[in-house]
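Encoded as structure tokens, the structure appears first; notes follow it.
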Amino acid sequence: MNTGKDDISGWLVRRASWHLWAVLALVLGGAVVRTARVTSDGGMDNAIVVRAARTWLAGGSPYDDPHFLYLPSAVLAAAPQALLPVSVLRGLVPVAVSGCLVLGWGCALRLYGVPPRSRFAVLGLTALAAGFAPFGHLVQLANWTATAALALPLALLLAGRGRWTAAGVVLGAAVALKPLLAPVALLLVFARRPRALAALALVPAVTSVGSALLLPDPLGFVTRTLPFLLRGDDGFVRLYEASPAAVLPRLGVPEAVAQGVALLLCAAGVGCAYLRWRRGGPEPLRLAETAAGLMLSAFLVSRPSYDHYLLVVVPLLLAGLPYAGSAARTPWFWLSLAPQLPGLALPYPEPSQRRAFRDAFTLLALAVTVARHNARPGPLRAPDLSAAGRVDPGAGRLSPGGDPAF
């Protein structure tokens with residue numbers, strides 16, 4: 001792309017003024033303060049994990065709660081929170097969740113070589129926080145999806161720098177907290193990185209087995225949680241699931257047919273992700289778009305699958321906007337996100353019980369958009385930043401140039 005001094009792209013990569021930082025601080029701070037005021041424990045989803053840790057500390061089984069869907073290692077990870085007063089968690093938890101999202105955005109920018117102090121960095125995060133409803137939902141719920149939103153771009157950043165084993169460790173640690181990033185193991189298979197794949201598998205396996213031995217019900221995850229996830233028969237949870245396997249039966253489609261459709265879509269998405277990896281191109285785009293395709297494919301078939309899962313892939317794709325030919329430059333990328341505008345009123349899916357239909361549209365449209373982008377033939381090229389910076393042709397990253405923003 002052209003990033004001359006008078007071009008919008010050149011304007012975006014220059015250093016942000018303090019005014020833009022102040023707006024960002026106001027948006028993020030407002031979300032944290034609002035969450036601290038409207039929640040009694042820092043967030044409903046985090047409270048489930050903390051309650052499980054408190055149950056364990058009291059001698060009970062965390063898996064007595066059917067909504068605790070995490071590996072045993074998450075119990076020990078939540079134990080420090082269980083020792084804190086609820087009044088402290090009310091303020092600490094939303095700050096931690098917001099911090100994970102901010103750091104994840106920063107890692108995504110570093111992956112693409114975008115200056116972290118640039119206008120694009122500040123405006124992009126402000127747009128996510130103020131204009132993308134799942135961002136606010138995740139902060140308010142304090143779901144541990146926030147750890148995956150940080151771990152995935154961090155792992156890809158390490159992989160882009162050739163540190164694949166370290167990337168596998170990061171992914172494994174995230175899986176130990178919440179198994180959301182398990183599908184990224186296929187990326188390591190595509191890249192033929194057996195050590196990284198072993199690290200991804202061993203970290204959660206060792207921590208979970210070790211933690212399970214400390215629980216009164218060591219096999220609780222296998223005997224209680226897995227059947228619950230496979231059945232997906234929780235009436236309350238089903239109202240908010242966005243995968244086709246959950247939404248189509250609500251429209252009258254037989255459940256077996258819905259599951260078959262979801263599996264076919266998932267398989268197609270994985271195939272397109274493999275084609276994207278084979279196509280090559282700038283390494284940041286190759287890593288990010290392949291990983292995003294794998295994650296979106298998994299979201300199509302996983303139970304449960306919520307709107308805030310999109311925070312794992314949307315910032316990663318959005319950060320690639322400076323690259324010509326990136327998925328974020330396709331109009332369908334933006335159209336798929338339109339239903340997630342906080343102020344958008346849609347008559348039918350407006351009630352909270354029908355929110356899943358809006359989320360399902362975004363998930364499906366985004367998955368199809370990324371899959372089509374991944375499957376298209378032809379080479380990709382790195383951005384031309386001759387006026388604002390230089391490009392490392394080997395890595396496809398932006399590197400410091402003459403503009404003081406760098």
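Following the order of the structure tokens, chains are lettered A, B, ..., residues in each are numbered from 1, and ligands are numbered from 1.
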
Using only C-alpha atoms, which residues sit within 6 Å of Ser336 in chain A once same-chain residues fewer than 4 positions away are excluded, as an MDAnalysis selection string?
chainID A and resid 332 362 365:366

Do a neighbour search on range 21-38 of chain A at 7 Å with only C-alpha atoms, toss out local chain neighbours closer than 5 positions, and write the hits as a list in words.
Arg90, Gly91, Pro94, Val95, Val122, Thr126, Ala129, Ala130, Gly136 and Gln140 of chain A

Applying 9 Å and only C-alpha atoms, which residues near Ala360 in chain A remain after dropping the ones on its own chain fewer than 3 positions away? List them as a short mmCIF file (atom, residue, chain, number, x, y, z; two decimals) with C-alpha atoms, in the first residue's frame.
```
data_model
loop_
_atom_site.label_atom_id
_atom_site.label_comp_id
_atom_site.auth_asym_id
_atom_site.auth_seq_id
_atom_site.Cartn_x
_atom_site.Cartn_y
_atom_site.Cartn_z
CA GLU A 241 -24.38 -20.40 22.12
CA ALA A 242 -23.49 -19.07 18.67
CA SER A 243 -22.37 -22.21 16.83
CA PRO A 244 -24.64 -23.56 14.05
CA VAL A 247 -28.56 -22.17 16.74
CA LEU A 300 -18.40 -23.36 14.34
CA TYR A 306 -19.95 -17.63 22.72
CA ASP A 307 -19.63 -14.17 21.19
CA ARG A 355 -28.68 -12.63 21.06
CA ALA A 356 -27.18 -15.90 19.83
CA PHE A 357 -28.72 -15.41 16.36
CA LEU A 363 -19.35 -16.09 13.48
CA LEU A 364 -20.52 -17.74 10.28
CA ALA A 365 -19.94 -14.68 8.08
#
```

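With distances restricted to only C-alpha atoms, A:Leu157 is the closest residue to Leu109 in chain A from A:Leu157, A:Ala245, A:Leu197, A:Val75.
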
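One finds CA of Leu226 in chain A at 19.5 Å from CA of Tyr309 in chain A.
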
Residues near Val370 in chain A, cut-off 10 Å, only C-alpha atoms, skip fewer than 4 positions along chain, as number ranges by chain
A: 269, 272-273, 276, 289-290, 292-294, 296-297, 317, 326-328, 330, 332-333, 364-366, 374-375

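Note that CA of Ala191 in chain A and CA of Val114 in chain A are 24.4 Å apart.
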
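For the set A:Ala173, A:Ala96, A:Leu20, A:Val102, the residue with the smallest atom-to-atom gap to Ser208 in chain A is A:Ala173, counting only C-alpha atoms.
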
The residue from A:Ala246, A:Ala133, A:Ala268, A:Val253 with the smallest atom-to-atom distance to Pro339 in chain A, counting only C-alpha atoms, is A:Ala133

May I ask which of the residues A:Gly104, A:Arg358, A:Pro249, A:Leu111 is the closest one to Ala149 in chain A, counting only C-alpha atoms?
A:Gly104

Any chance you could list, as a PDB file with C-alpha atoms, in the first residue's frame, the residues in range 135-259 of chain A that come up helix (DSSP H, G or I) when DSSP is run on the backbone?
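Contents of selection.pdb, as written:
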```pdb
ATOM      1  CA  PHE A 135     -15.188  -6.708  24.102  1.00  0.00           C
ATOM      2  CA  GLY A 136     -17.481  -5.204  26.725  1.00  0.00           C
ATOM      3  CA  HIS A 137     -19.176  -8.562  27.313  1.00  0.00           C
ATOM      4  CA  LEU A 138     -15.830 -10.233  27.991  1.00  0.00           C
ATOM      5  CA  VAL A 139     -14.749  -7.547  30.457  1.00  0.00           C
ATOM      6  CA  GLN A 140     -18.074  -7.716  32.266  1.00  0.00           C
ATOM      7  CA  LEU A 141     -18.177 -11.524  32.390  1.00  0.00           C
ATOM      8  CA  THR A 145     -11.136 -16.386  27.181  1.00  0.00           C
ATOM      9  CA  ALA A 146      -9.079 -13.268  27.897  1.00  0.00           C
ATOM     10  CA  THR A 147      -6.041 -15.487  28.531  1.00  0.00           C
ATOM     11  CA  ALA A 148      -6.437 -17.026  25.055  1.00  0.00           C
ATOM     12  CA  ALA A 149      -6.827 -13.549  23.523  1.00  0.00           C
ATOM     13  CA  LEU A 150      -3.369 -12.775  24.899  1.00  0.00           C
ATOM     14  CA  ALA A 151      -1.721 -16.152  24.391  1.00  0.00           C
ATOM     15  CA  LEU A 152      -2.503 -16.614  20.684  1.00  0.00           C
ATOM     16  CA  PRO A 153      -0.903 -13.394  19.355  1.00  0.00           C
ATOM     17  CA  LEU A 154       1.989 -13.841  21.795  1.00  0.00           C
ATOM     18  CA  ALA A 155       2.586 -17.389  20.541  1.00  0.00           C
ATOM     19  CA  LEU A 156       2.387 -16.260  16.904  1.00  0.00           C
ATOM     20  CA  LEU A 157       4.801 -13.425  17.642  1.00  0.00           C
ATOM     21  CA  LEU A 158       7.279 -15.942  19.058  1.00  0.00           C
ATOM     22  CA  ALA A 159       6.737 -18.273  16.096  1.00  0.00           C
ATOM     23  CA  GLY A 160       7.269 -15.402  13.676  1.00  0.00           C
ATOM     24  CA  TRP A 164       8.480 -22.209  17.902  1.00  0.00           C
ATOM     25  CA  THR A 165       9.088 -24.227  21.065  1.00  0.00           C
ATOM     26  CA  ALA A 166       8.467 -21.159  23.210  1.00  0.00           C
ATOM     27  CA  ALA A 167       5.282 -20.590  21.215  1.00  0.00           C
ATOM     28  CA  GLY A 168       4.205 -24.151  22.006  1.00  0.00           C
ATOM     29  CA  VAL A 169       4.812 -23.536  25.723  1.00  0.00           C
ATOM     30  CA  VAL A 170       2.680 -20.384  25.637  1.00  0.00           C
ATOM     31  CA  LEU A 171      -0.120 -22.209  23.839  1.00  0.00           C
ATOM     32  CA  GLY A 172       0.129 -25.122  26.268  1.00  0.00           C
ATOM     33  CA  ALA A 173      -0.099 -22.791  29.261  1.00  0.00           C
ATOM     34  CA  ALA A 174      -3.209 -21.193  27.759  1.00  0.00           C
ATOM     35  CA  VAL A 175      -4.788 -24.609  27.160  1.00  0.00           C
ATOM     36  CA  ALA A 176      -4.040 -25.521  30.781  1.00  0.00           C
ATOM     37  CA  LEU A 177      -6.107 -22.515  31.859  1.00  0.00           C
ATOM     38  CA  PRO A 179      -8.691 -25.498  26.331  1.00  0.00           C
ATOM     39  CA  LEU A 180      -9.824 -22.880  23.827  1.00  0.00           C
ATOM     40  CA  LEU A 181      -6.592 -22.754  21.810  1.00  0.00           C
ATOM     41  CA  ALA A 182      -6.238 -26.515  21.315  1.00  0.00           C
ATOM     42  CA  PRO A 183      -7.101 -26.216  17.559  1.00  0.00           C
ATOM     43  CA  VAL A 184      -3.916 -24.182  17.007  1.00  0.00           C
ATOM     44  CA  ALA A 185      -2.064 -27.476  17.392  1.00  0.00           C
ATOM     45  CA  LEU A 186      -2.894 -28.017  13.714  1.00  0.00           C
ATOM     46  CA  LEU A 187      -0.847 -24.945  12.841  1.00  0.00           C
ATOM     47  CA  LEU A 188       2.163 -26.615  14.444  1.00  0.00           C
ATOM     48  CA  VAL A 189       1.380 -29.728  12.407  1.00  0.00           C
ATOM     49  CA  PHE A 190       1.205 -27.665   9.208  1.00  0.00           C
ATOM     50  CA  PRO A 194       7.162 -31.446  16.537  1.00  0.00           C
ATOM     51  CA  ARG A 195       8.926 -29.899  19.520  1.00  0.00           C
ATOM     52  CA  ALA A 196       6.430 -27.063  19.695  1.00  0.00           C
ATOM     53  CA  LEU A 197       3.577 -29.552  19.339  1.00  0.00           C
ATOM     54  CA  ALA A 198       5.018 -31.674  22.144  1.00  0.00           C
ATOM     55  CA  ALA A 199       5.298 -28.595  24.356  1.00  0.00           C
ATOM     56  CA  LEU A 200       1.698 -27.649  23.632  1.00  0.00           C
ATOM     57  CA  ALA A 201       0.530 -31.119  24.636  1.00  0.00           C
ATOM     58  CA  LEU A 202       2.826 -31.711  27.603  1.00  0.00           C
ATOM     59  CA  VAL A 203       2.251 -28.458  29.493  1.00  0.00           C
ATOM     60  CA  PRO A 204      -1.516 -28.920  30.009  1.00  0.00           C
ATOM     61  CA  ALA A 205      -1.143 -32.690  30.399  1.00  0.00           C
ATOM     62  CA  VAL A 206       1.432 -32.448  33.183  1.00  0.00           C
ATOM     63  CA  THR A 207      -0.259 -29.560  34.997  1.00  0.00           C
ATOM     64  CA  SER A 208      -3.718 -31.098  34.727  1.00  0.00           C
ATOM     65  CA  VAL A 209      -2.651 -34.558  35.884  1.00  0.00           C
ATOM     66  CA  GLY A 210      -0.658 -33.063  38.732  1.00  0.00           C
ATOM     67  CA  SER A 211      -3.569 -30.856  39.751  1.00  0.00           C
ATOM     68  CA  ALA A 212      -6.102 -33.683  39.423  1.00  0.00           C
ATOM     69  CA  GLY A 220     -14.217 -35.247  37.549  1.00  0.00           C
ATOM     70  CA  PHE A 221     -13.348 -33.515  34.290  1.00  0.00           C
ATOM     71  CA  VAL A 222     -13.637 -36.801  32.383  1.00  0.00           C
ATOM     72  CA  THR A 223     -16.726 -38.195  34.123  1.00  0.00           C
ATOM     73  CA  ARG A 224     -18.735 -34.982  34.516  1.00  0.00           C
ATOM     74  CA  THR A 225     -17.484 -32.124  32.359  1.00  0.00           C
ATOM     75  CA  LEU A 226     -16.797 -33.952  29.094  1.00  0.00           C
ATOM     76  CA  PRO A 227     -20.274 -35.560  28.966  1.00  0.00           C
ATOM     77  CA  PHE A 228     -21.811 -32.168  29.664  1.00  0.00           C
ATOM     78  CA  LEU A 229     -19.828 -30.569  26.830  1.00  0.00           C
ATOM     79  CA  LEU A 230     -20.699 -33.362  24.417  1.00  0.00           C
ATOM     80  CA  ARG A 231     -24.411 -33.226  25.229  1.00  0.00           C
ATOM     81  CA  GLY A 235     -31.044 -24.891  28.672  1.00  0.00           C
ATOM     82  CA  PHE A 236     -29.625 -21.624  29.997  1.00  0.00           C
ATOM     83  CA  VAL A 237     -26.283 -21.973  28.221  1.00  0.00           C
ATOM     84  CA  ARG A 238     -27.929 -22.940  24.925  1.00  0.00           C
ATOM     85  CA  PRO A 244     -24.637 -23.564  14.051  1.00  0.00           C
ATOM     86  CA  ALA A 245     -24.939 -26.801  16.015  1.00  0.00           C
ATOM     87  CA  ALA A 246     -26.726 -24.849  18.757  1.00  0.00           C
ATOM     88  CA  VAL A 247     -28.557 -22.172  16.737  1.00  0.00           C
ATOM     89  CA  LEU A 248     -30.032 -24.238  13.885  1.00  0.00           C
ATOM     90  CA  PRO A 249     -32.102 -26.519  16.179  1.00  0.00           C
ATOM     91  CA  ARG A 250     -33.703 -23.373  17.601  1.00  0.00           C
ATOM     92  CA  LEU A 251     -34.900 -22.644  14.043  1.00  0.00           C
ATOM     93  CA  GLU A 255     -30.160 -31.600  15.794  1.00  0.00           C
ATOM     94  CA  ALA A 256     -28.344 -34.332  13.847  1.00  0.00           C
ATOM     95  CA  VAL A 257     -28.562 -32.264  10.657  1.00  0.00           C
ATOM     96  CA  ALA A 258     -27.333 -29.167  12.499  1.00  0.00           C
ATOM     97  CA  GLN A 259     -24.349 -31.041  13.854  1.00  0.00           C
TER      98      GLN A 259
END
```

Shell of 6 Å around range 61-71 of chain A, only C-alpha atoms, local chain residues under 5 positions omitted, as a PyMOL selection string
chain A and resi 52+55-56+178+216-217+220+225

Suppose we keep N, CA, C and O atoms; can you now write the selection as a PDB file, in the first residue's frame?
```pdb
ATOM      1  N   ALA A  52     -15.113 -22.607  42.308  1.00  0.00           N
ATOM      2  CA  ALA A  52     -14.592 -23.974  42.240  1.00  0.00           C
ATOM      3  C   ALA A  52     -13.323 -24.106  43.064  1.00  0.00           C
ATOM      4  O   ALA A  52     -13.114 -25.117  43.754  1.00  0.00           O
ATOM      5  N   THR A  55     -14.285 -24.192  46.675  1.00  0.00           N
ATOM      6  CA  THR A  55     -14.824 -25.521  47.004  1.00  0.00           C
ATOM      7  C   THR A  55     -13.702 -26.515  47.243  1.00  0.00           C
ATOM      8  O   THR A  55     -13.746 -27.320  48.187  1.00  0.00           O
ATOM      9  N   TRP A  56     -12.676 -26.449  46.382  1.00  0.00           N
ATOM     10  CA  TRP A  56     -11.531 -27.351  46.559  1.00  0.00           C
ATOM     11  C   TRP A  56     -10.790 -27.069  47.863  1.00  0.00           C
ATOM     12  O   TRP A  56     -10.422 -27.990  48.595  1.00  0.00           O
ATOM     13  N   LYS A 178      -7.559 -22.779  29.938  1.00  0.00           N
ATOM     14  CA  LYS A 178      -8.833 -22.988  29.241  1.00  0.00           C
ATOM     15  C   LYS A 178      -8.511 -23.610  27.890  1.00  0.00           C
ATOM     16  O   LYS A 178      -7.722 -23.026  27.127  1.00  0.00           O
ATOM     17  N   PRO A 216     -10.304 -34.110  45.279  1.00  0.00           N
ATOM     18  CA  PRO A 216     -10.989 -35.293  45.823  1.00  0.00           C
ATOM     19  C   PRO A 216     -11.647 -36.140  44.750  1.00  0.00           C
ATOM     20  O   PRO A 216     -11.949 -37.314  44.979  1.00  0.00           O
ATOM     21  N   ASP A 217     -11.884 -35.541  43.572  1.00  0.00           N
ATOM     22  CA  ASP A 217     -12.482 -36.264  42.450  1.00  0.00           C
ATOM     23  C   ASP A 217     -11.558 -36.114  41.243  1.00  0.00           C
ATOM     24  O   ASP A 217     -11.810 -35.312  40.336  1.00  0.00           O
ATOM     25  N   GLY A 220     -12.998 -36.040  37.703  1.00  0.00           N
ATOM     26  CA  GLY A 220     -14.217 -35.247  37.549  1.00  0.00           C
ATOM     27  C   GLY A 220     -14.363 -34.615  36.184  1.00  0.00           C
ATOM     28  O   GLY A 220     -15.466 -34.559  35.629  1.00  0.00           O
ATOM     29  N   THR A 225     -17.544 -33.264  33.263  1.00  0.00           N
ATOM     30  CA  THR A 225     -17.484 -32.124  32.359  1.00  0.00           C
ATOM     31  C   THR A 225     -17.561 -32.538  30.896  1.00  0.00           C
ATOM     32  O   THR A 225     -18.309 -31.935  30.119  1.00  0.00           O
TER      33      THR A 225
END
```

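Our summary of the geometry notes that CA of Cys266 in chain A is positioned 10.1 Å from CA of Ala371 in chain A.
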
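Nearest residue to Pro331 in chain A among A:Leu123, A:Thr369, A:Val97, A:Leu344 is A:Thr369, counting only C-alpha atoms.
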